[in-house]
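This is data-v1.tsv (TSV, C-alpha atoms and all ligand atoms).
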chain	number	residue	atom	x	y	z
A	6	MET	CA	-14.25	-1.06	-5.33
A	7	ARG	CA	-14.42	1.19	-8.33
A	8	VAL	CA	-11.35	3.46	-8.49
A	9	VAL	CA	-10.33	6.34	-10.76
A	10	VAL	CA	-6.58	7.09	-10.91
A	11	CYS	CA	-5.72	10.74	-11.49
A	12	GLY	CA	-2.19	11.39	-12.77
A	13	ALA	CA	-2.38	7.97	-14.46
A	14	ALA	CA	0.31	8.90	-17.02
A	15	GLY	CA	2.76	9.94	-14.28
A	16	ARG	CA	5.50	7.92	-12.62
A	17	VAL	CA	3.51	6.94	-9.51
A	18	GLY	CA	0.07	7.00	-11.18
A	19	ARG	CA	1.13	4.38	-13.74
A	20	GLN	CA	2.41	2.12	-10.96
A	21	MET	CA	-0.87	2.56	-9.07
A	22	VAL	CA	-2.93	1.54	-12.10
A	23	GLU	CA	-0.82	-1.61	-12.41
A	24	SER	CA	-0.87	-2.45	-8.68
A	25	LEU	CA	-4.57	-1.71	-8.05
A	26	SER	CA	-5.64	-3.74	-11.09
A	27	GLN	CA	-4.08	-6.80	-9.43
A	28	GLU	CA	-6.29	-6.52	-6.33
A	29	ALA	CA	-9.30	-8.87	-6.42
A	30	ASP	CA	-11.64	-6.33	-4.78
A	31	MET	CA	-10.63	-3.35	-6.95
A	32	GLU	CA	-11.34	-2.24	-10.50
A	33	VAL	CA	-9.67	0.75	-12.16
A	34	VAL	CA	-12.64	2.35	-13.94
A	35	GLY	CA	-11.09	5.69	-14.92
A	36	LEU	CA	-7.70	7.05	-15.98
A	37	VAL	CA	-7.26	10.82	-15.77
A	38	ASP	CA	-4.28	12.89	-16.84
A	39	VAL	CA	-3.56	16.10	-18.73
A	40	ALA	CA	-0.72	14.18	-20.41
A	41	ALA	CA	-1.48	11.39	-22.90
A	42	ILE	CA	-2.30	8.13	-21.14
A	43	PRO	CA	-0.07	5.34	-22.51
A	44	ALA	CA	-2.24	3.05	-24.65
A	45	ASP	CA	-0.48	-0.09	-23.37
A	46	LEU	CA	-1.24	0.91	-19.76
A	47	ALA	CA	-4.99	1.11	-20.41
A	48	ARG	CA	-4.96	-2.05	-22.55
A	49	SER	CA	-3.01	-4.15	-20.03
A	50	PHE	CA	-4.45	-3.03	-16.70
A	51	ALA	CA	-7.73	-1.14	-17.21
A	52	PRO	CA	-9.22	-2.16	-20.56
A	53	SER	CA	-12.73	-0.85	-19.82
A	54	ALA	CA	-11.63	2.36	-18.04
A	55	VAL	CA	-12.81	5.80	-19.11
A	56	CYS	CA	-9.80	7.91	-20.20
A	57	SER	CA	-10.10	11.67	-19.72
A	58	ASP	CA	-8.15	14.83	-18.99
A	59	ASP	CA	-10.91	16.00	-16.66
A	60	LEU	CA	-11.68	14.30	-13.33
A	61	ALA	CA	-15.28	15.59	-13.01
A	62	SER	CA	-16.25	14.11	-16.36
A	63	ALA	CA	-14.44	10.83	-15.60
A	64	ILE	CA	-16.38	10.55	-12.33
A	65	ASP	CA	-19.68	11.25	-14.08
A	66	GLN	CA	-18.94	8.58	-16.69
A	67	SER	CA	-17.48	5.85	-14.46
A	68	SER	CA	-19.25	6.19	-11.04
A	69	PRO	CA	-16.23	5.41	-8.83
A	70	GLU	CA	-16.25	5.13	-5.03
A	71	VAL	CA	-12.65	6.36	-4.68
A	72	VAL	CA	-10.31	8.67	-6.62
A	73	VAL	CA	-6.57	8.11	-6.19
A	74	ASP	CA	-4.52	11.24	-6.98
A	75	PHE	CA	-0.79	11.51	-7.71
A	76	THR	CA	-0.56	14.75	-9.71
A	77	VAL	CA	0.63	18.21	-8.61
A	78	ALA	CA	-0.65	20.19	-5.62
A	79	ALA	CA	-2.64	22.77	-7.63
A	80	ALA	CA	-4.45	20.01	-9.56
A	81	ALA	CA	-4.92	17.73	-6.55
A	82	ARG	CA	-6.54	20.55	-4.58
A	83	GLU	CA	-9.17	20.99	-7.32
A	84	ASN	CA	-9.54	17.23	-7.78
A	85	MET	CA	-10.25	16.64	-4.10
A	86	VAL	CA	-13.00	19.27	-4.13
A	87	ALA	CA	-14.50	17.85	-7.36
A	88	ALA	CA	-14.51	14.34	-5.86
A	89	ILE	CA	-15.96	15.36	-2.48
A	90	GLU	CA	-18.72	17.42	-4.16
A	91	ARG	CA	-19.73	14.25	-6.03
A	92	GLY	CA	-19.68	12.06	-2.91
A	93	VAL	CA	-16.51	10.27	-4.04
A	94	SER	CA	-13.67	9.73	-1.54
A	95	PRO	CA	-10.23	11.04	-2.53
A	96	VAL	CA	-7.07	9.13	-1.54
A	97	VAL	CA	-4.22	11.54	-2.26
A	98	GLY	CA	-0.46	11.07	-2.33
A	99	THR	CA	0.33	14.35	-4.09
A	100	THR	CA	2.58	16.57	-1.96
A	101	GLY	CA	3.03	20.32	-1.67
A	102	PHE	CA	-0.25	21.34	0.03
A	103	SER	CA	-0.26	24.41	2.26
A	104	ASP	CA	-1.86	24.37	5.71
A	105	ASP	CA	-4.67	26.51	4.20
A	106	ASP	CA	-5.29	23.86	1.51
A	107	ILE	CA	-5.60	21.15	4.16
A	108	GLU	CA	-7.98	23.28	6.20
A	109	THR	CA	-10.20	24.05	3.18
A	110	ILE	CA	-10.36	20.40	2.09
A	111	SER	CA	-10.97	19.30	5.65
A	112	ARG	CA	-13.95	21.66	5.94
A	113	LYS	CA	-15.39	20.53	2.58
A	114	ALA	CA	-15.11	16.84	3.55
A	115	ARG	CA	-16.67	17.39	6.97
A	116	ASP	CA	-19.54	19.48	5.58
A	117	ALA	CA	-20.26	16.83	2.95
A	118	GLY	CA	-19.72	13.91	5.37
A	119	VAL	CA	-17.39	12.31	2.83
A	120	GLY	CA	-14.25	10.41	3.90
A	121	ALA	CA	-11.03	11.78	2.41
A	122	PHE	CA	-7.42	10.80	2.94
A	123	ILE	CA	-4.03	12.42	2.28
A	124	ALA	CA	-0.67	10.81	3.02
A	125	PRO	CA	2.62	12.61	2.36
A	126	ASN	CA	4.14	9.12	2.24
A	127	PHE	CA	2.33	5.89	1.43
A	128	SER	CA	5.36	3.71	2.00
A	129	ILE	CA	4.81	1.69	5.19
A	130	GLY	CA	8.54	1.67	6.01
A	131	ALA	CA	8.69	5.46	5.85
A	132	VAL	CA	5.68	5.73	8.16
A	133	VAL	CA	7.33	3.36	10.65
A	134	LEU	CA	10.48	5.53	10.41
A	135	MET	CA	8.38	8.59	11.32
A	136	ARG	CA	6.90	6.75	14.31
A	137	LEU	CA	10.39	5.70	15.48
A	138	SER	CA	11.54	9.33	15.05
A	139	GLU	CA	8.71	10.39	17.33
A	140	ILE	CA	9.89	7.93	19.99
A	141	ALA	CA	13.51	9.14	19.70
A	142	ALA	CA	12.54	12.84	19.65
A	143	SER	CA	12.25	13.36	23.40
A	144	HIS	CA	15.59	11.62	24.09
A	145	PHE	CA	17.76	13.76	21.78
A	146	ASP	CA	17.88	17.57	21.59
A	147	HIS	CA	19.55	17.69	18.17
A	148	VAL	CA	18.20	16.26	14.94
A	149	GLU	CA	18.70	16.75	11.21
A	150	ILE	CA	16.79	15.22	8.28
A	151	ILE	CA	18.36	14.35	4.95
A	152	GLU	CA	15.79	13.52	2.27
A	153	LEU	CA	16.95	12.23	-1.12
A	154	HIS	CA	14.75	12.03	-4.23
A	155	HIS	CA	14.90	11.53	-8.00
A	156	ASP	CA	15.71	14.56	-10.15
A	157	GLY	CA	12.11	14.89	-11.45
A	158	LYS	CA	10.64	15.82	-8.07
A	159	VAL	CA	9.13	19.33	-8.33
A	160	ASP	CA	8.90	20.32	-4.66
A	161	ALA	CA	11.42	20.57	-1.83
A	162	PRO	CA	11.65	19.63	0.90
A	163	SER	CA	9.64	16.42	0.56
A	164	GLY	CA	6.25	16.31	2.26
A	165	THR	CA	7.59	13.39	4.30
A	166	ALA	CA	10.55	15.39	5.61
A	167	LEU	CA	8.29	18.25	6.68
A	168	HIS	CA	5.80	15.86	8.27
A	169	THR	CA	8.64	14.10	10.13
A	170	ALA	CA	10.01	17.42	11.42
A	171	ARG	CA	6.53	18.45	12.56
A	172	MET	CA	6.00	15.12	14.38
A	173	ILE	CA	9.43	15.40	16.09
A	174	VAL	CA	8.75	18.94	17.33
A	175	GLU	CA	5.25	18.00	18.52
A	176	ALA	CA	6.62	14.94	20.36
A	177	ARG	CA	9.29	17.11	22.04
A	178	GLY	CA	6.78	19.81	22.96
A	179	GLU	CA	9.46	22.38	22.04
A	180	PRO	CA	11.76	23.16	19.10
A	181	ALA	CA	14.87	21.06	18.52
A	182	VAL	CA	18.20	22.65	19.45
A	183	ASP	CA	20.10	24.04	16.48
A	184	VAL	CA	23.89	24.24	16.62
A	185	ALA	CA	25.05	27.76	15.78
A	186	THR	CA	27.56	28.09	12.95
A	187	GLU	CA	29.95	31.00	13.44
A	188	ARG	CA	31.15	31.51	9.88
A	189	PHE	CA	29.71	30.44	6.51
A	190	THR	CA	32.03	30.07	3.52
A	191	LEU	CA	29.12	28.88	1.36
A	192	GLU	CA	25.51	30.02	1.72
A	193	GLY	CA	22.73	27.52	2.35
A	194	VAL	CA	24.85	24.59	3.48
A	195	ARG	CA	23.02	24.16	6.80
A	196	GLY	CA	19.74	23.42	5.02
A	197	GLY	CA	16.20	24.58	5.77
A	198	ASP	CA	14.97	25.10	9.29
A	199	TYR	CA	11.74	23.74	10.79
A	200	ASP	CA	11.67	24.73	14.47
A	201	GLY	CA	15.33	23.80	14.94
A	202	VAL	CA	15.16	20.64	12.79
A	203	LYS	CA	17.51	21.15	9.83
A	204	ILE	CA	16.25	19.63	6.57
A	205	HIS	CA	18.57	18.89	3.63
A	206	SER	CA	17.13	18.00	0.20
A	207	VAL	CA	19.22	15.96	-2.23
A	208	ARG	CA	18.02	15.60	-5.88
A	209	LEU	CA	19.82	13.13	-8.14
A	210	PRO	CA	19.02	10.86	-11.07
A	211	GLY	CA	19.05	7.23	-9.95
A	212	LEU	CA	17.28	7.90	-6.65
A	213	VAL	CA	13.61	7.06	-5.92
A	214	ALA	CA	12.63	8.26	-2.40
A	215	HIS	CA	14.89	8.03	0.65
A	216	GLN	CA	15.09	9.63	4.07
A	217	GLU	CA	17.59	9.66	6.90
A	218	VAL	CA	16.83	11.12	10.32
A	219	VAL	CA	19.98	11.65	12.40
A	220	PHE	CA	19.65	12.36	16.12
A	221	GLY	CA	22.62	13.69	18.08
A	222	GLY	CA	23.20	13.38	21.83
A	223	VAL	CA	26.13	13.40	24.21
A	224	GLY	CA	28.71	10.94	22.83
A	225	GLN	CA	26.22	9.22	20.51
A	226	THR	CA	24.11	9.51	17.39
A	227	LEU	CA	21.09	7.54	16.27
A	228	THR	CA	20.44	7.22	12.52
A	229	LEU	CA	17.13	6.00	11.14
A	230	ARG	CA	16.97	5.41	7.39
A	231	HIS	CA	14.34	4.29	4.94
A	232	ASP	CA	14.69	3.65	1.20
A	233	SER	CA	11.91	3.25	-1.35
A	234	THR	CA	13.82	1.48	-4.09
A	235	SER	CA	10.79	1.19	-6.38
A	236	ARG	CA	7.45	2.98	-6.73
A	237	GLU	CA	5.74	-0.35	-5.94
A	238	SER	CA	6.54	0.50	-2.30
A	239	PHE	CA	3.66	3.03	-2.30
A	240	ALA	CA	0.98	0.53	-3.39
A	241	PRO	CA	0.30	-1.40	-0.13
A	242	GLY	CA	-0.35	1.88	1.72
A	243	VAL	CA	-2.62	3.19	-1.01
A	244	ILE	CA	-4.57	-0.10	-1.01
A	245	ILE	CA	-5.07	0.11	2.78
A	246	ALA	CA	-6.33	3.70	2.39
A	247	ILE	CA	-8.74	2.80	-0.45
A	248	ARG	CA	-10.25	0.03	1.70
A	249	ARG	CA	-10.62	2.33	4.74
A	250	VAL	CA	-11.52	5.75	3.31
A	251	ARG	CA	-15.22	5.02	2.78
A	252	ASP	CA	-15.57	4.37	6.54
A	253	LEU	CA	-14.29	7.87	7.33
A	254	LYS	CA	-16.57	10.91	7.50
A	255	GLU	CA	-13.91	13.59	7.24
A	256	LEU	CA	-10.35	14.25	6.07
A	257	VAL	CA	-7.62	12.19	7.71
A	258	VAL	CA	-3.96	13.08	7.06
A	259	GLY	CA	-1.14	10.55	7.46
A	260	LEU	CA	-0.91	6.79	6.95
A	261	ASP	CA	0.17	6.50	10.59
A	262	LYS	CA	-3.45	7.26	11.55
A	263	LEU	CA	-4.60	4.15	9.67
A	264	LEU	CA	-1.68	1.92	10.74
A	265	PHE	CA	-1.33	2.82	14.42
A	266	GLU	CA	-4.59	4.48	15.48
A	267	SER	CA	-8.15	3.26	15.11
A	268	VAL	CA	-9.54	6.29	13.25
A	269	SER	CA	-13.07	6.04	11.97
A	270	GLY	CA	-15.85	8.43	11.03
B	301	LIG	P1	4.74	12.92	-12.36
B	301	LIG	O1	5.46	11.76	-12.97
B	301	LIG	O2	5.06	14.30	-12.82
B	301	LIG	O3	3.17	12.62	-12.54
B	301	LIG	C1	2.16	13.57	-12.32
B	301	LIG	C2	1.17	13.43	-13.46
B	301	LIG	O4	0.04	14.25	-13.17
B	301	LIG	C3	1.76	13.91	-14.80
B	301	LIG	O5	1.41	13.00	-15.83
B	301	LIG	C4	1.08	15.26	-14.98
B	301	LIG	O6	0.97	15.63	-16.35
B	301	LIG	C5	-0.28	14.96	-14.37
B	301	LIG	N1	-1.09	16.15	-14.10
B	301	LIG	C6	-0.67	17.42	-13.84
B	301	LIG	N2	-1.74	18.22	-13.67
B	301	LIG	C7	-2.85	17.44	-13.82
B	301	LIG	C8	-4.24	17.70	-13.77
B	301	LIG	N3	-4.72	18.93	-13.56
B	301	LIG	N4	-5.10	16.68	-13.96
B	301	LIG	C9	-4.64	15.43	-14.22
B	301	LIG	N5	-3.31	15.13	-14.29
B	301	LIG	C10	-2.43	16.12	-14.08
B	301	LIG	O7	4.92	12.92	-10.77
B	301	LIG	P2	5.09	11.66	-9.80
B	301	LIG	O8	6.52	11.39	-9.56
B	301	LIG	O9	4.19	10.57	-10.25
B	301	LIG	O10	4.52	12.30	-8.45
B	301	LIG	C11	3.20	12.80	-8.36
B	301	LIG	C12	2.97	13.40	-6.98
B	301	LIG	O11	3.00	12.35	-6.01
B	301	LIG	C13	4.03	14.42	-6.54
B	301	LIG	O12	3.39	15.44	-5.77
B	301	LIG	C14	4.94	13.60	-5.64
B	301	LIG	O13	5.62	14.40	-4.68
B	301	LIG	C15	3.92	12.70	-4.98
B	301	LIG	N6	4.42	11.45	-4.43
B	301	LIG	C16	3.88	11.05	-3.27
B	301	LIG	C17	4.22	9.84	-2.73
B	301	LIG	C18	3.53	9.38	-1.47
B	301	LIG	O14	3.86	8.31	-0.97
B	301	LIG	N7	2.59	10.15	-0.94
B	301	LIG	C19	5.15	9.03	-3.37
B	301	LIG	C20	5.73	9.47	-4.55
B	301	LIG	C21	5.34	10.69	-5.10
B	301	LIG	P3	2.13	16.62	-16.96
B	301	LIG	O15	3.42	15.88	-16.81
B	301	LIG	O16	1.69	16.83	-18.36
B	301	LIG	O17	2.08	17.87	-16.11
Using structure tokens, write down the structure that the file contains.
Amino acid sequence: MRVVVCGAAGRVGRQMVESLSQEADMEVVGLVDVAAIPADLARSFAPSAVCSDDLASAIDQSSPEVVVDFTVAAAARENMVAAIERGVSPVVGTTGFSDDDIETISRKARDAGVGAFIAPNFSIGAVVLMRLSEIAASHFDHVEIIELHHDGKVDAPSGTALHTARMIVEARGEPAVDVATERFTLEGVRGGDYDGVKIHSVRLPGLVAHQEVVFGGVGQTLTLRHDSTSRESFAPGVIIAIRRVRDLKELVVGLDKLLFESVSG
């Protein structure tokens, strides 16, 4: 499969170029980034790839089947539309999309009959954690999410934390139960609120991507935790999505749909 990587100079993009180039059925034919693409990256893992700062022109020059995007939400939104309009399937890990963005992209993909895929988390362990959270959700009224990421992450909370909270609330069929705090001596310490699910975002150098979901019940707690200790953890999920996205005929959101459900066109 011919793949263009958008955000190829970024932390995750670079790892994707390296990981995808090692797959026998994949060739990285384009590297796109507004930042300079490291010469050793292209030389080592994609020697014949087109390098560009513009996705549309990279697609026109390299005829890919799939575009992988790890950039920023504003760019990824445009990139998905540019890919779909050219009949190329986007596989997107970029986070920070609004519900309106998802709806617009979904409509574009459906109208064009082009498969498209977005996952707020491509790490298989994190997706399993979300599924386990869904199972626990109806057995515990109280739940809080602590997500921890490296200091370069631009958005908060993480797309994964929001997606997990949404899945928990949907599984419960009602909001989680928040514990009222009578007196605050420091503002903001109870975190953000998604339908009763408190979300706390930690940003520190030394971290990669981590999430803890803590359920509270009478006389017991249940803690589920996942750690991505290296960006390689995102590659197996991205590879699954690249292999499946051409069979889709619309936008699918969430790696769980590919791992646990038999979605197709
Ligand atoms: P990063 O290191 O900042 O990389 C993003 C790259 O995209 C940068 O080189 C940036 O260039 C470039 N870029 C910005 N606008 C662009 C455009 N219009 N066209 C082409 N390239 C553009 O960020 P990262 O840590 O790799 O993360 C990228 C995204 O993936 C974030 O949204 C992050 O939350 C998400 N992510 C998702 C997962 C998942 O599993 N789904 C995992 C990890 C990260 P400049 O630096 O010059 O702006």
For this session: Check the smallest atom-to-atom distance from each of A:Asp116, A:Glu152, A:Asp198, A:Glu32 to Ala54 (chain A) using all atoms listed in the file, then report the winner.
Result: A:Glu32
Problem set entry | Selected residue of minimal separation from ligand LIG 301 (chain B) among A:Lys158, A:Arg136, A:Arg208, A:His215, counting only C-alpha atoms and all ligand atoms | A:Lys158
For this session: Could you pull out the residues sitting within 9 Å of ligand LIG 301 (chain B), using only C-alpha atoms and all ligand atoms, and write them as a PyMOL selection string?
Result: chain A and resi 11-20+37-42+57-60+74-81+83-84+97-101+123-128+131+155+157-161+163-165+213-214+236+238-240+242-243
For this session: Skip Glu70 (chain A) itself and residues of its chain fewer than 4 positions away, then list as an MDAnalysis selection string all residues within 9 Å of it, counting only C-alpha atoms.
Result: chainID A and resid 6:9 92:95 251
For this session: Show which residues sit within 9 Å of Arg115 (chain A), as a ChimeraX atom specification. Count only C-alpha atoms, and ignore same-chain residues fewer than 4 positions away.
Result: /A:110-111,119-120,254-256
Exercise. Which residue out of A:Gly196, A:Ala121, A:Leu36, A:Gly222 has the minimum interatomic distance to Ala246 (chain A) when all atoms listed in the file are used?
Worked result: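 Looking only at the distances to Ala246 (chain A), the closest residue turns out to be A:Ala121.
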Problem set entry | Shell around Gly221 (chain A) at 12 Å using all atoms listed in the file, local window under 2 positions removed, as a count of residues only | 24
Exercise. What's the 9 Å shell around Arg171 (chain A), counting all atoms listed in the file, without same-chain residues fewer than 3 positions away, as number ranges by chain?
Worked result: A: 166-168, 174-176, 199-200, 202
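Nearest to Glu23 (chain A) of all the residues A:Glu237, A:Asp105, A:Ser62, A:Ile151 is A:Glu237, based on only C-alpha atoms.
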For this session: Report the distance between CA of Asp30 (chain A) and CA of Ala87 (chain A) in Å, rounded to one decimal place.
Result: 24.5 Å
Exercise. Which residues come within 10 Å of Gly211 (chain A), counting all atoms listed in the file, excluding same-chain residues fewer than 6 positions away, as a PyMOL selection string?
Worked result: chain A and resi 154-156+234
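CA of Glu28 (chain A) to CA of Leu212 (chain A) spans 27.6 Å [interatomic distance, one decimal].
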For this session: Point out the residue among A:Val132, A:Val96, A:Ile173, A:Val34 with the least atom-to-atom distance to Ala47 (chain A), counting all atoms listed in the file.
Result: A:Val34
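Residue nearest Glu179 (chain A), chosen from A:Val133, A:Glu90, A:Gly201, A:Ser267 and counting all atoms listed in the file: A:Gly201.
You will find CA of Met85 (chain A) at 8.4 Å from CA of Val72 (chain A).
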